[in-house]
Amino acid sequence: MPKVLFHPHSVALVVLLLLWPALSSRAIGQARASAADSVRTVMLFYLNGDNDLGPEVLHALDLLETVGSRPHLKLLALVDGHDAHLGPYGDQWRGTRLLEIRKDSEIGVIRSPVLVEYGELNLGAERTLEAFVRYGSRIDADRYLFAIFAHGRGVIDTRVLGPTQTGPHKRLSFSSDDTSRSQLSLSAFHRAIKRGLAGKRFEAMVFLTCLANMVEVAYEFQDVTHFLVASPDEIRIVNQPPGRFQIRGIPLEHMAGVLAHHPHTDVASLGREMVDAFIKQYQAPVSIVTREGALRTHTYGASLALIDCRTLGGLTDRLNHLAELLTEQLAPSPSADKWLAAIDHARRNTRRYPSFLNLEYYDLADLLHHLNQEIDDPRVHDACGRILAYLQRATIVYERHTAEAPSSGLAIYFSHGLVPENIYRSHQAQYRQTRFSQETQWDELVDALRRRGG
């Protein structure tokens with residue numbers, strides 16, 4: 001079976017950082033030493049292989065070496081491995097290392113100089129991410145890009161079925177660090193990036209994680225990045241037999257290679273290149289050995305989009321207006337049941353993405369299309385039409401998907417009434433931690449549907 005960056009059985013993420021002083025002071029000193037270089041672009045790679053993604057993460061670092069840093073391009077990586085998931089790369093990769101990626105054409109060995117050897121750091125911790133971003137952003141450059149390769153579960157941790165020992169509810173999972181066994185929330189991830197940038201902004205953030213291209217995620221990052229490259233779906237990786245990478249997800253070395261040879265490429269063009277290179281991998285069938293030992297060919301679905309995060313304020317205003325309109329119609333009245341039935345029918349026919357029983361994450365444009373079809377009201381037609389036009393005109397810059405995974409490129413949380421009550425409460429509590437929920441009526445709309453039985 002393919003490996004996916006949303007892993008429903010992986011251990012919970014990491015929050016406690018033990019070696020923060022070493023990371024902050026030593027990394028900042030190194031960054032100042034590099035500041036004299038004339039650099040066009042700094043690319044930061046946050047590579048969390050302290051989980052079952054270890055071989056894939058280290059292979060991605062290995063391939064980044066085929067490009068390597070240039071005078072105008074500095075490639076920096078914070079990489080963490082796991083004892084049980086190192087592939088062919090050796091025990092020296094079981095801990096956390098800070099590297100400047102240098103050119104080396106040999107595949108199977110990583111030769112880039114290690115700037116700092118940390119032992120074990122928690123790449124699921126806010127302070128670790130903050131310090132790494134600060135390290136890179138203090139290098140004098142024209143622009144900064146960020147890429148993360150890790151597990152992810154979208155806007156909430158959809159594995160959580162109730163209260164936990166560490167608090168009332170678990171939180172979003174970006175960057176699962178199995179050794180430390182704790183986790184980051186979406187707001188903590190954002191805080192780490194914002195503090196690390198110290199007033200600067202990424203030109204683009206690339207998420208080689210599952211389920212990251214959601215309205216709520218993009219809205220959270222609108223003040224720290226211009227663009228987001230991510231998938232609303234699972235990102236499926238096929239490393240079978242081990243070491244034969246038939247599908248690798250987003251090829252990070254392709255992004256670095258474009259900038260190595262064409263340093264003035266604008267980020268929107270670079271994002272389009274990334275989307276095309278990603279989809280190309282999924283267009284040919286791959287060979288999979290089943291548990292019974294049979295060899296079968298299979299084609300996996302994929303979706304990736306380039307989002308302009310600077311438009312999320314306008315998109316959110318339009319979505320908030322729609323949420324207020326629908327919530328108002330669900331208040332007790334003779335027509336409320338009719339509205340509920342129409343909304344429920346629209347939701348049931350909308351494209352979904354993996355979550356609890358696939359009942360929580362929905363394709364945004366498809367949902368709006370079905371709401372427009374099912375509800376016979378000119379106010380709803382106008383609201384949905386305005387949002388769809390804005391998505392096409394401003395927010396979704398470029399999107400591609402395979403025939404097996406139809407998608408508009410952007411998802412939204414819209415929990416279904418079939419989700420059991422205890423799970424619904426847990427997930428709504430997580431959802432209300434998000435900035436999008438706090439600044440819109442979307443969670444109130446979901447609650448109103450629930451109260452009406454939808």
# chains A, B, ... in the order shown; residues from 1 in each chain; ligands from 1
>>> residues_around(residues="region 60-69 of chain A", least_positions_apart="2", cutoff="8 Å", atoms="only C-alpha atoms", output="list in words")
Glu56, Val57, Leu58, Pro71, His72, Leu73, Lys74, Leu75, Glu100, Ile101, Arg102, Lys103, Asp104, Ser105, Glu106, Ile107, Gly108, Val109, Ile110, Ser112, Pro251, Leu252, Glu253, Ala256, Gly257 and Ala260 of chain A
>>> select_by_dssp(residues="region 135-382 of chain A", states="alpha helix (DSSP H)", output="number ranges by chain")
A: 135-137, 186-197, 215-220, 252-261, 267-282, 312-329, 336-348, 364-374, 378-382
>>> residues_around(residues="region 449-453 of chain A", least_positions_apart="6", cutoff="10 Å", atoms="only C-alpha atoms", output="number ranges by chain")
A: 326-327, 330-332, 336-337, 339-341, 343-344, 414-419, 421, 424, 443
>>> closest_residue(among="A:Ile250, A:Leu391, A:Ala323, A:Cys309", to="Ser437 (chain A)", atoms="only C-alpha atoms")
A:Ala323
>>> closest_residue(among="A:Ile235, A:Ala394, A:Ala198, A:Val380", to="Glu324 (chain A)", atoms="only C-alpha atoms")
A:Val380
